[in-house]
file input.cif (mmCIF, C-alpha atoms)
data_protein
loop_
_atom_site.label_atom_id
_atom_site.label_comp_id
_atom_site.auth_asym_id
_atom_site.auth_seq_id
_atom_site.Cartn_x
_atom_site.Cartn_y
_atom_site.Cartn_z
CA MET C 1 24.27 17.55 12.73
CA ILE C 2 27.61 19.38 12.87
CA GLU C 3 28.93 17.17 10.06
CA ALA C 4 25.83 17.93 7.97
CA ILE C 5 26.33 21.66 8.52
CA GLN C 6 30.00 21.40 7.59
CA ASN C 7 29.08 19.64 4.37
CA LEU C 8 27.03 22.68 3.37
CA ILE C 9 30.10 24.91 3.69
CA GLU C 10 32.61 25.20 0.89
CA PRO C 11 35.83 23.35 1.84
CA ARG C 12 37.90 26.55 1.67
CA HIS C 13 35.68 28.18 4.31
CA ARG C 14 35.48 25.28 6.78
CA LYS C 15 38.76 26.16 8.48
CA ASN C 16 37.31 29.59 9.33
CA ILE C 17 34.34 28.33 11.37
CA ASP C 18 34.46 30.28 14.64
CA TRP C 19 34.03 27.49 17.18
CA ILE C 20 34.96 29.84 20.04
CA LEU C 21 31.97 32.07 19.26
CA ILE C 22 29.66 29.06 18.86
CA LEU C 23 30.81 27.55 22.17
CA SER C 24 30.30 30.90 23.93
CA VAL C 25 26.74 31.07 22.61
CA VAL C 26 25.99 27.50 23.77
CA LEU C 27 27.34 28.22 27.28
CA ILE C 28 25.19 31.37 27.56
CA MET C 29 22.15 29.34 26.53
CA CYS C 30 22.89 26.64 29.11
CA ALA C 31 23.13 29.26 31.87
CA SER C 32 19.89 30.76 30.61
CA LEU C 33 17.97 27.47 30.78
CA ALA C 34 19.02 26.87 34.40
CA THR C 35 17.98 30.42 35.32
CA ILE C 36 14.64 30.17 33.50
CA TYR C 37 13.85 26.94 35.36
CA SER C 38 14.73 28.54 38.69
CA ALA C 39 12.78 31.76 38.00
CA PHE C 40 9.58 30.01 36.86
CA ALA C 41 9.83 27.45 39.67
CA GLY C 42 10.09 30.25 42.21
CA HIS C 43 6.85 31.82 40.97
CA PHE C 44 4.77 28.84 39.85
CA GLY C 45 6.47 25.67 41.10
CA PRO C 46 8.98 23.14 39.71
CA ALA C 47 6.56 21.67 37.15
CA SER C 48 6.12 25.08 35.52
CA GLY C 49 9.87 25.63 35.68
CA MET C 50 10.53 22.38 33.82
CA LYS C 51 7.83 23.09 31.23
CA GLN C 52 9.13 26.56 30.40
CA MET C 53 12.75 25.41 30.41
CA VAL C 54 11.93 22.71 27.85
CA LYS C 55 9.97 25.20 25.76
CA GLN C 56 12.86 27.67 25.75
CA GLY C 57 15.26 24.80 25.09
CA PHE C 58 13.36 24.06 21.89
CA PHE C 59 13.81 27.67 20.78
CA TYR C 60 17.52 27.51 21.57
CA VAL C 61 18.15 24.22 19.78
CA SER C 62 16.19 25.30 16.72
CA GLY C 63 17.91 28.70 16.93
CA LEU C 64 21.34 27.06 16.92
CA VAL C 65 20.38 25.03 13.85
CA LEU C 66 19.17 28.23 12.20
CA MET C 67 22.39 30.05 13.18
CA LEU C 68 24.60 27.33 11.76
CA TYR C 69 22.55 27.06 8.59
CA ILE C 70 22.66 30.83 7.97
CA SER C 71 26.42 30.73 8.49
CA THR C 72 26.68 28.40 5.48
CA ARG C 73 25.07 30.99 3.21
CA ASP C 74 27.13 33.73 1.57
CA TYR C 75 26.24 36.94 3.42
CA ARG C 76 26.68 38.96 0.21
CA SER C 77 23.42 37.50 -1.08
CA PHE C 78 21.37 38.70 1.92
CA PRO C 79 21.01 42.40 0.98
CA ARG C 80 19.96 41.68 -2.63
CA SER C 81 16.34 41.94 -1.56
CA ALA C 82 17.01 44.92 0.71
CA ASN C 83 14.15 47.06 -0.62
CA VAL C 84 11.62 44.24 -0.31
CA LEU C 85 12.84 43.38 3.20
CA TYR C 86 12.62 47.00 4.30
CA TRP C 87 9.01 47.44 3.19
CA VAL C 88 7.98 44.04 4.55
CA ASN C 89 9.37 45.24 7.86
CA ILE C 90 7.38 48.48 7.64
CA GLY C 91 4.25 46.53 6.66
CA LEU C 92 4.54 44.24 9.70
CA LEU C 93 5.06 47.19 12.04
CA LEU C 94 1.98 48.88 10.59
CA LEU C 95 0.03 45.62 10.88
CA ILE C 96 0.67 45.71 14.61
CA ARG C 97 -1.50 48.85 14.74
CA VAL C 98 -4.40 46.83 13.32
CA ILE C 99 -4.20 43.30 14.72
CA GLY C 100 -1.47 43.54 17.35
CA GLN C 101 -2.16 41.74 20.61
CA GLU C 102 -1.92 44.02 23.61
CA LYS C 103 -0.09 43.00 26.78
CA LYS C 104 0.40 45.32 29.74
CA GLY C 105 -0.55 48.38 27.72
CA ALA C 106 1.67 47.64 24.71
CA ALA C 107 0.64 46.15 21.36
CA ARG C 108 3.79 44.40 20.11
CA TRP C 109 2.76 40.88 19.16
CA ILE C 110 0.99 39.20 16.26
CA SER C 111 -0.65 35.92 17.26
CA ILE C 112 -0.69 32.96 14.89
CA GLY C 113 -2.54 30.24 16.78
CA ASP C 114 -0.59 29.57 19.97
CA PHE C 115 2.53 31.17 18.52
CA GLN C 116 3.23 34.86 19.15
CA PHE C 117 5.52 36.78 16.83
CA GLN C 118 7.12 40.15 17.64
CA PRO C 119 7.87 42.11 14.43
CA SER C 120 10.04 44.65 16.27
CA GLU C 121 12.56 41.86 16.96
CA LEU C 122 12.77 41.02 13.25
CA ALA C 123 13.22 44.73 12.53
CA LYS C 124 16.67 44.66 14.15
CA VAL C 125 18.13 42.19 11.64
CA ILE C 126 16.30 43.73 8.69
CA ILE C 127 17.61 47.20 9.53
CA ILE C 128 21.16 45.85 9.80
CA LEU C 129 20.97 44.25 6.34
CA THR C 130 19.12 47.06 4.58
CA LEU C 131 21.17 49.86 6.13
CA ALA C 132 24.38 48.00 5.22
CA ALA C 133 23.19 47.76 1.60
CA PHE C 134 22.36 51.49 1.60
CA LEU C 135 25.73 52.49 3.06
CA VAL C 136 27.64 50.35 0.57
CA ARG C 137 25.66 51.92 -2.26
CA VAL C 138 26.35 55.51 -1.20
CA GLY C 139 29.98 54.82 -0.27
CA SER C 140 31.97 57.91 0.68
CA HIS C 141 28.91 60.12 0.03
CA ILE C 142 27.80 59.28 3.59
CA LYS C 143 30.02 62.22 4.58
CA GLU C 144 27.58 64.54 2.79
CA LEU C 145 24.74 65.88 4.95
CA PRO C 146 21.82 64.98 2.60
CA VAL C 147 23.00 61.36 2.33
CA PHE C 148 23.66 61.21 6.06
CA LEU C 149 20.10 62.37 6.72
CA GLN C 150 18.79 59.73 4.30
CA SER C 151 20.46 57.05 6.43
CA LEU C 152 18.82 58.56 9.52
CA ALA C 153 15.40 58.55 7.83
CA HIS C 154 15.98 54.91 6.80
CA VAL C 155 16.06 53.98 10.49
CA GLY C 156 13.88 56.78 11.82
CA PHE C 157 10.58 55.59 10.32
CA PRO C 158 10.67 52.06 11.83
CA MET C 159 11.97 53.58 15.08
CA PHE C 160 8.88 55.80 15.23
CA LEU C 161 6.50 52.89 14.52
CA ILE C 162 8.13 50.85 17.31
CA LYS C 163 8.20 53.77 19.75
CA ILE C 164 4.43 54.28 19.50
CA GLN C 165 3.63 50.62 20.30
CA PRO C 166 5.00 51.76 22.86
CA ASP C 167 8.41 50.05 22.91
CA LEU C 168 11.06 52.65 23.67
CA GLY C 169 13.72 50.02 24.38
CA THR C 170 13.67 48.44 20.92
CA ALA C 171 13.49 51.88 19.28
CA LEU C 172 16.69 52.80 21.12
CA VAL C 173 18.31 49.56 19.92
CA LEU C 174 17.66 50.59 16.30
CA GLY C 175 19.21 53.95 17.09
CA ALA C 176 22.33 52.23 18.48
CA ILE C 177 22.56 50.06 15.36
CA TRP C 178 22.35 53.12 13.11
CA LEU C 179 24.96 55.01 15.12
CA GLY C 180 27.44 52.14 15.06
CA MET C 181 27.01 51.45 11.36
CA VAL C 182 27.21 55.02 10.05
CA PHE C 183 30.26 55.63 12.24
CA LEU C 184 31.89 52.56 10.74
CA ALA C 185 30.90 53.73 7.25
CA GLY C 186 32.88 56.94 7.77
CA ALA C 187 30.15 59.51 8.49
CA ASN C 188 31.28 63.04 9.33
CA TRP C 189 31.77 63.30 13.09
CA LYS C 190 30.23 66.78 13.07
CA HIS C 191 27.01 65.34 11.65
CA LEU C 192 27.01 62.60 14.31
CA LEU C 193 27.59 65.19 17.04
CA ALA C 194 24.81 67.42 15.70
CA VAL C 195 22.32 64.53 15.63
CA SER C 196 23.31 63.49 19.16
CA LEU C 197 22.82 67.03 20.47
CA ALA C 198 19.52 67.33 18.61
CA GLY C 199 18.38 64.07 20.20
CA VAL C 200 19.22 65.32 23.68
CA LEU C 201 17.42 68.61 22.97
CA LEU C 202 14.29 66.84 21.70
CA LEU C 203 14.34 64.56 24.72
CA GLY C 204 14.49 67.59 27.00
CA ILE C 205 11.64 69.30 25.19
CA GLY C 206 9.61 66.09 25.26
CA TRP C 207 10.26 65.72 28.96
CA LYS C 208 9.03 69.23 29.69
CA THR C 209 5.98 69.04 27.45
CA GLY C 210 5.12 65.43 28.25
CA LYS C 211 4.93 64.56 24.54
CA GLY C 212 8.31 62.91 23.99
CA LEU C 213 7.98 60.19 26.61
CA ASP C 214 4.93 58.43 28.00
CA LYS C 215 4.18 59.15 31.64
CA PHE C 216 5.15 55.67 32.82
CA GLN C 217 8.51 56.05 31.05
CA GLN C 218 9.12 59.39 32.79
CA ASP C 219 8.14 57.82 36.10
CA ARG C 220 10.64 54.98 35.62
CA ILE C 221 13.42 57.51 35.11
CA ASN C 222 12.29 59.63 38.05
CA VAL C 223 12.20 56.76 40.57
CA LEU C 224 15.76 55.81 39.64
CA PHE C 225 17.00 58.98 41.38
CA MET C 226 14.47 59.22 44.20
CA SER C 227 15.20 58.60 47.86
CA ARG C 228 13.32 55.46 48.91
CA LYS C 229 12.42 57.13 52.22
CA ASN C 230 10.21 59.81 50.74
CA MET C 231 8.34 57.82 48.11
CA THR C 232 4.58 57.64 47.86
CA LYS C 233 2.91 54.21 47.64
CA ALA C 234 2.46 54.63 43.88
CA GLN C 235 6.14 55.44 43.46
CA ARG C 236 7.16 52.47 45.61
CA ASP C 237 5.00 50.22 43.46
CA LEU C 238 6.67 51.59 40.33
CA ALA C 239 10.14 51.04 41.79
CA TYR C 240 9.30 47.59 43.15
CA GLN C 241 10.75 45.48 40.32
CA ALA C 242 13.97 47.50 40.12
CA ASP C 243 14.41 47.42 43.91
CA GLN C 244 13.79 43.69 44.14
CA GLY C 245 16.13 43.13 41.19
CA ILE C 246 19.05 44.98 42.77
CA ALA C 247 18.34 43.20 46.06
CA ALA C 248 18.70 39.89 44.23
CA VAL C 249 21.92 40.99 42.52
CA GLY C 250 23.39 42.18 45.83
CA GLY C 251 22.17 39.08 47.64
CA GLY C 252 24.40 36.92 45.45
CA GLN C 253 27.50 38.48 47.04
CA VAL C 254 30.75 36.84 45.84
CA THR C 255 29.95 33.21 45.07
CA GLY C 256 26.14 33.23 45.03
CA GLN C 257 23.50 31.49 47.12
CA GLY C 258 23.42 28.40 44.90
CA PHE C 259 21.02 26.99 42.32
CA ARG C 260 17.41 27.31 43.53
CA GLN C 261 18.69 28.70 46.84
CA GLY C 262 18.33 32.42 46.11
CA LEU C 263 15.83 34.05 48.47
CA GLN C 264 14.45 36.57 45.97
CA THR C 265 14.32 34.05 43.13
CA SER C 266 12.99 30.99 44.96
CA ALA C 267 10.32 33.09 46.70
CA GLY C 268 9.28 34.85 43.48
CA PHE C 269 9.88 38.37 44.77
CA VAL C 270 11.17 39.81 41.45
CA PRO C 271 8.24 40.04 39.01
CA GLU C 272 8.81 38.13 35.75
CA ASN C 273 12.50 37.62 36.44
CA TRP C 274 12.73 35.20 33.53
CA THR C 275 12.52 38.05 30.99
CA ASP C 276 14.18 41.46 31.34
CA PHE C 277 15.33 40.71 34.91
CA ALA C 278 16.71 37.21 34.30
CA PHE C 279 20.20 38.52 35.05
CA SER C 280 19.14 39.35 38.63
CA ALA C 281 18.05 35.74 39.21
CA PHE C 282 21.34 34.45 37.81
CA ALA C 283 23.41 36.93 39.83
CA GLU C 284 21.65 35.97 43.07
CA GLU C 285 22.31 32.27 42.56
CA GLN C 286 25.80 32.48 41.04
CA GLY C 287 27.11 35.65 42.67
CA PHE C 288 29.74 38.08 41.47
CA VAL C 289 31.96 35.29 40.16
CA GLY C 290 29.21 33.78 38.02
CA SER C 291 28.05 37.19 36.82
CA ILE C 292 31.55 38.13 35.69
CA ALA C 293 31.86 34.78 33.90
CA LEU C 294 28.58 35.38 32.07
CA ILE C 295 29.56 38.93 31.09
CA ALA C 296 32.94 37.59 29.95
CA LEU C 297 31.15 35.23 27.55
CA TYR C 298 29.25 38.17 26.06
CA LEU C 299 32.46 40.17 25.78
CA LEU C 300 34.06 37.21 24.01
CA VAL C 301 31.22 37.11 21.46
CA ILE C 302 31.53 40.87 20.92
CA ALA C 303 35.33 40.60 20.67
CA ARG C 304 35.02 37.95 17.95
CA GLY C 305 32.77 40.37 16.08
CA LEU C 306 35.28 43.20 16.45
CA MET C 307 38.03 40.90 15.18
CA CYS C 308 35.87 40.13 12.17
CA ILE C 309 35.43 43.85 11.45
CA ALA C 310 39.19 44.39 11.68
CA GLU C 311 40.02 41.44 9.43
CA SER C 312 37.23 41.64 6.84
CA GLU C 313 38.29 42.86 3.40
CA ASP C 314 34.73 43.64 2.34
CA LEU C 315 32.87 46.82 3.33
CA LEU C 316 29.48 45.11 3.30
CA GLY C 317 30.74 42.46 5.71
CA ARG C 318 32.27 45.02 8.06
CA LEU C 319 29.06 47.04 8.15
CA ILE C 320 26.83 44.02 8.79
CA VAL C 321 29.03 42.81 11.64
CA GLY C 322 29.22 46.37 12.97
CA GLY C 323 25.43 46.39 13.15
CA VAL C 324 25.31 43.01 14.93
CA VAL C 325 27.98 44.08 17.45
CA SER C 326 26.18 47.39 18.12
CA TYR C 327 22.91 45.53 18.61
CA LEU C 328 24.27 42.89 20.99
CA GLY C 329 26.55 45.30 22.86
CA PHE C 330 23.76 47.79 23.49
CA HIS C 331 21.41 45.03 24.70
CA VAL C 332 23.95 43.59 27.14
CA PHE C 333 25.07 46.94 28.53
CA VAL C 334 21.59 48.37 29.09
CA ASN C 335 20.10 45.15 30.47
CA VAL C 336 22.86 44.57 33.02
CA ALA C 337 22.79 48.27 34.00
CA MET C 338 19.02 48.06 34.41
CA ASN C 339 19.30 44.97 36.62
CA CYS C 340 21.90 46.77 38.74
CA SER C 341 19.60 49.79 39.09
CA ILE C 342 21.98 52.20 37.35
CA ALA C 343 19.70 52.58 34.31
CA PRO C 344 15.90 52.98 34.11
CA VAL C 345 13.75 49.93 33.43
CA VAL C 346 13.19 49.59 29.67
CA GLY C 347 12.12 46.63 27.56
CA ILE C 348 15.58 45.44 26.58
CA PRO C 349 16.15 41.72 27.29
CA LEU C 350 19.51 40.03 27.72
CA PRO C 351 20.35 38.33 24.38
CA LEU C 352 20.29 34.52 24.38
CA PHE C 353 19.40 34.61 28.08
CA SER C 354 16.01 36.22 28.71
CA TYR C 355 12.95 34.05 28.06
CA GLY C 356 11.39 34.47 24.62
CA GLY C 357 11.14 32.53 21.36
CA THR C 358 11.17 35.30 18.75
CA ALA C 359 14.13 37.02 20.40
CA ALA C 360 16.08 33.75 20.56
CA TRP C 361 15.60 33.10 16.84
CA ILE C 362 16.49 36.68 15.89
CA ASN C 363 19.61 36.65 18.06
CA CYS C 364 20.69 33.39 16.43
CA THR C 365 19.93 34.80 12.97
CA ALA C 366 22.13 37.83 13.66
CA LEU C 367 24.94 35.63 14.95
CA GLY C 368 24.57 33.32 11.97
CA ILE C 369 25.14 36.27 9.66
CA LEU C 370 28.17 37.28 11.74
CA LEU C 371 29.56 33.74 11.38
CA SER C 372 28.95 33.88 7.63
CA VAL C 373 30.99 37.08 7.35
CA ARG C 374 33.73 35.71 9.59
CA MET C 375 34.11 32.60 7.43
CA ARG C 376 34.35 34.70 4.28
CA ARG C 377 36.29 37.68 5.60
CA ARG C 378 39.12 37.09 3.10
CA LYS C 379 38.33 37.73 -0.57
CA LEU C 380 40.80 35.10 -1.74
CA GLN C 381 41.43 31.95 0.23
CA PHE C 382 43.69 29.05 -0.64
#

call {"tool": "encode", "arguments": {"input": "input.cif", "output": "structure tokens"}}
result
Amino acid sequence: MIEAIQNLIEPRHRKNIDWILILSVVLIMCASLATIYSAFAGHFGPASGMKQMVKQGFFYVSGLVLMLYISTRDYRSFPRSANVLYWVNIGLLLLIRVIGQEKKGAARWISIGDFQFQPSELAKVIIILTLAAFLVRVGSHIKELPVFLQSLAHVGFPMFLIKIQPDLGTALVLGAIWLGMVFLAGANWKHLLAVSLAGVLLLGIGWKTGKGLDKFQQDRINVLFMSRKNMTKAQRDLAYQADQGIAAVGGGQVTGQGFRQGLQTSAGFVPENWTDFAFSAFAEEQGFVGSIALIALYLLVIARGLMCIAESEDLLGRLIVGGVVSYLGFHVFVNVAMNCSIAPVVGIPLPLFSYGGTAAWINCTALGILLSVRMRRRKLQF
């Protein structure tokens, strides 16, 4: 398969394939599959663990093929249909309001037979490509306030549609992508500061009036700072997942309790610890050493992206990779912080690690685009 992929790449680009990034991704996926098996087995038994591990393995293998294939395509062709992509994205997010399948109070999925598709995941890659095309088009005019506000509106509308699903976590991811990309494009720092302060002010007003955040989102933030001694039963129930998650992380100590030996994981104490709290299951079994190794793999992926930004001679390529790095970096930071109980629980999974098919494919798509830019970062190659 690797030889077939290489044959799709122009000979002058083959020497620039980033095998270090690809290997890092594969190692993260392998750690994920072991953790998914352990987490499902702890809740539903080994047979369920094997079934879900194989299912996620299919998404990873197909995602890797997708990632490698996308890397063979010239990234400069991706934004040519930016306007169409943007409005397809908006259309899918609006469609959620009509036919979206509701789970646990949130309508985020469109069902096609047995397959469930989450448009908000696709929105991340589409926003990266369309915002990059916009920023290249406006060039240095991004320093002007009207153009700067246009870039904010470009992201703000899909952010709003995702927020009302409700899915605050993904909406924040789009905000992080926008911030990273406009900063890289050379936006005026005063404009960035003003928007940041305005965001904090609106959050404060929303908190006071109860209209900016849903009640359950406010409760999740409140319990983060509460003393566990004085909690009501309802508050203890709300804090249960976070408390069990940090207990699992701490229980791993230095070297971990071993595969399938973690008390919290094997007994199924952490609810759904194959999704947003998969890191807690891994940390319990592999300990501080394993956790640092996993985080190091993510840092290596991000570092390869930063190297690509520094070396790329094309603004479009730098902006696209800046969006991918902002997206992945924000996901990793918030998810690990959430699992360690130093950030409120939000719906932000760990990329290439948490269980989920749509997310796996989108993560691989984003990394495939990064690989495409990295292979073509020099305008002239000999």

call {"tool": "residues_around", "arguments": {"input": "input.cif", "residues": "Met159 in chain C", "least_positions_apart": "3", "cutoff": "10 Å", "atoms": "only C-alpha atoms", "output": "ChimeraX atom specification"}}
result
/C:93,120,123,153-156,162-164,167-168,170-175

call {"tool": "closest_residue", "arguments": {"input": "input.cif", "among": "C:Trp109, C:Phe333, C:Trp19, C:Phe269", "to": "Arg97 in chain C", "atoms": "only C-alpha atoms"}}
result
C:Trp109

call {"tool": "closest_residue", "arguments": {"input": "input.cif", "among": "C:Phe277, C:Tyr327, C:Phe148, C:Phe282", "to": "Cys30 in chain C", "atoms": "all atoms listed in the file"}}
result
C:Phe282

call {"tool": "atom_distance", "arguments": {"input": "input.cif", "atom1": "CA of Trp189 in chain C", "atom2": "CA of Ser140 in chain C"}}
result
13.5 Å

call {"tool": "atom_distance", "arguments": {"input": "input.cif", "atom1": "CA of Leu152 in chain C", "atom2": "CA of Ala82 in chain C"}}
result
16.3 Å

call {"tool": "resolve_selection", "arguments": {"input": "input.cif", "expression": "the PyMOL selection byres ((chain C and resi 262) around 8)", "output": "PyMOL selection string"}}
result
chain C and resi 248+251-252+256-261+263-266+281+284-285

call {"tool": "resolve_selection", "arguments": {"input": "input.cif", "expression": "the PyMOL selection byres ((chain C and resi 310) around 12)", "output": "list of chain:residue names"}}
result
C:Leu184, C:Ala303, C:Arg304, C:Gly305, C:Leu306, C:Met307, C:Cys308, C:Ile309, C:Glu311, C:Ser312, C:Glu313, C:Asp314, C:Leu315, C:Gly317, C:Arg318, C:Leu319, C:Val321, C:Gly322, C:Val373, C:Arg374, C:Arg377, C:Arg378

call {"tool": "residues_around", "arguments": {"input": "input.cif", "residues": "Lys55 in chain C", "least_positions_apart": "3", "cutoff": "10 Å", "atoms": "only C-alpha atoms", "output": "PyMOL selection string"}}
result
chain C and resi 33+49-52+58-60+355-357

call {"tool": "residues_around", "arguments": {"input": "input.cif", "residues": "range 219-232 of chain C", "least_positions_apart": "2", "cutoff": "12 Å", "atoms": "all atoms listed in the file", "output": "VMD selection string"}}
result
chain C and resid 207 210 213 to 217 234 to 243 246 337 to 347

call {"tool": "write_last_selection", "arguments": {"input": "input.cif", "atoms": "C-alpha atoms", "output": "JSON list (two decimals), in the coordinates of the input"}}
result
[["chain", "number", "residue", "atom", "x", "y", "z"],
["C", 207, "TRP", "CA", 10.26, 65.72, 28.96],
["C", 210, "GLY", "CA", 5.12, 65.43, 28.25],
["C", 213, "LEU", "CA", 7.98, 60.19, 26.61],
["C", 214, "ASP", "CA", 4.93, 58.43, 28.00],
["C", 215, "LYS", "CA", 4.18, 59.15, 31.64],
["C", 216, "PHE", "CA", 5.15, 55.67, 32.82],
["C", 217, "GLN", "CA", 8.51, 56.05, 31.05],
["C", 234, "ALA", "CA", 2.46, 54.63, 43.88],
["C", 235, "GLN", "CA", 6.14, 55.44, 43.46],
["C", 236, "ARG", "CA", 7.16, 52.47, 45.61],
["C", 237, "ASP", "CA", 5.00, 50.22, 43.46],
["C", 238, "LEU", "CA", 6.67, 51.59, 40.33],
["C", 239, "ALA", "CA", 10.14, 51.04, 41.79],
["C", 240, "TYR", "CA", 9.30, 47.59, 43.15],
["C", 241, "GLN", "CA", 10.75, 45.48, 40.32],
["C", 242, "ALA", "CA", 13.97, 47.50, 40.12],
["C", 243, "ASP", "CA", 14.41, 47.42, 43.91],
["C", 246, "ILE", "CA", 19.05, 44.98, 42.77],
["C", 337, "ALA", "CA", 22.79, 48.27, 34.00],
["C", 338, "MET", "CA", 19.02, 48.06, 34.41],
["C", 339, "ASN", "CA", 19.30, 44.97, 36.62],
["C", 340, "CYS", "CA", 21.90, 46.77, 38.74],
["C", 341, "SER", "CA", 19.60, 49.79, 39.09],
["C", 342, "ILE", "CA", 21.98, 52.20, 37.35],
["C", 343, "ALA", "CA", 19.70, 52.58, 34.31],
["C", 344, "PRO", "CA", 15.90, 52.98, 34.11],
["C", 345, "VAL", "CA", 13.75, 49.93, 33.43],
["C", 346, "VAL", "CA", 13.19, 49.59, 29.67],
["C", 347, "GLY", "CA", 12.12, 46.63, 27.56]]

call {"tool": "atom_distance", "arguments": {"input": "input.cif", "atom1": "CA of Trp274 in chain C", "atom2": "CA of Lys233 in chain C"}}
result
25.6 Å

call {"tool": "closest_residue", "arguments": {"input": "input.cif", "among": "C:Gly45, C:Gly287, C:Gly250, C:Gly169", "to": "Gly268 in chain C", "atoms": "all atoms listed in the file"}}
result
C:Gly45

call {"tool": "closest_residue", "arguments": {"input": "input.cif", "among": "C:Val332, C:Ile96, C:Leu192, C:Ile17", "to": "Leu352 in chain C", "atoms": "only C-alpha atoms"}}
result
C:Val332

call {"tool": "resolve_selection", "arguments": {"input": "input.cif", "expression": "the PyMOL selection byres ((chain C and resi 24) around 8)", "output": "JSON, numbers by chain"}}
result
{"C": [20, 21, 22, 23, 25, 26, 27, 28, 297, 298, 300, 301]}

call {"tool": "closest_residue", "arguments": {"input": "input.cif", "among": "C:Ser372, C:Ser196, C:Leu367, C:Ser354", "to": "Tyr37 in chain C", "atoms": "all atoms listed in the file"}}
result
C:Ser354

call {"tool": "closest_residue", "arguments": {"input": "input.cif", "among": "C:Ala187, C:Pro158, C:Lys211, C:Arg376", "to": "Leu316 in chain C", "atoms": "all atoms listed in the file"}}
result
C:Arg376
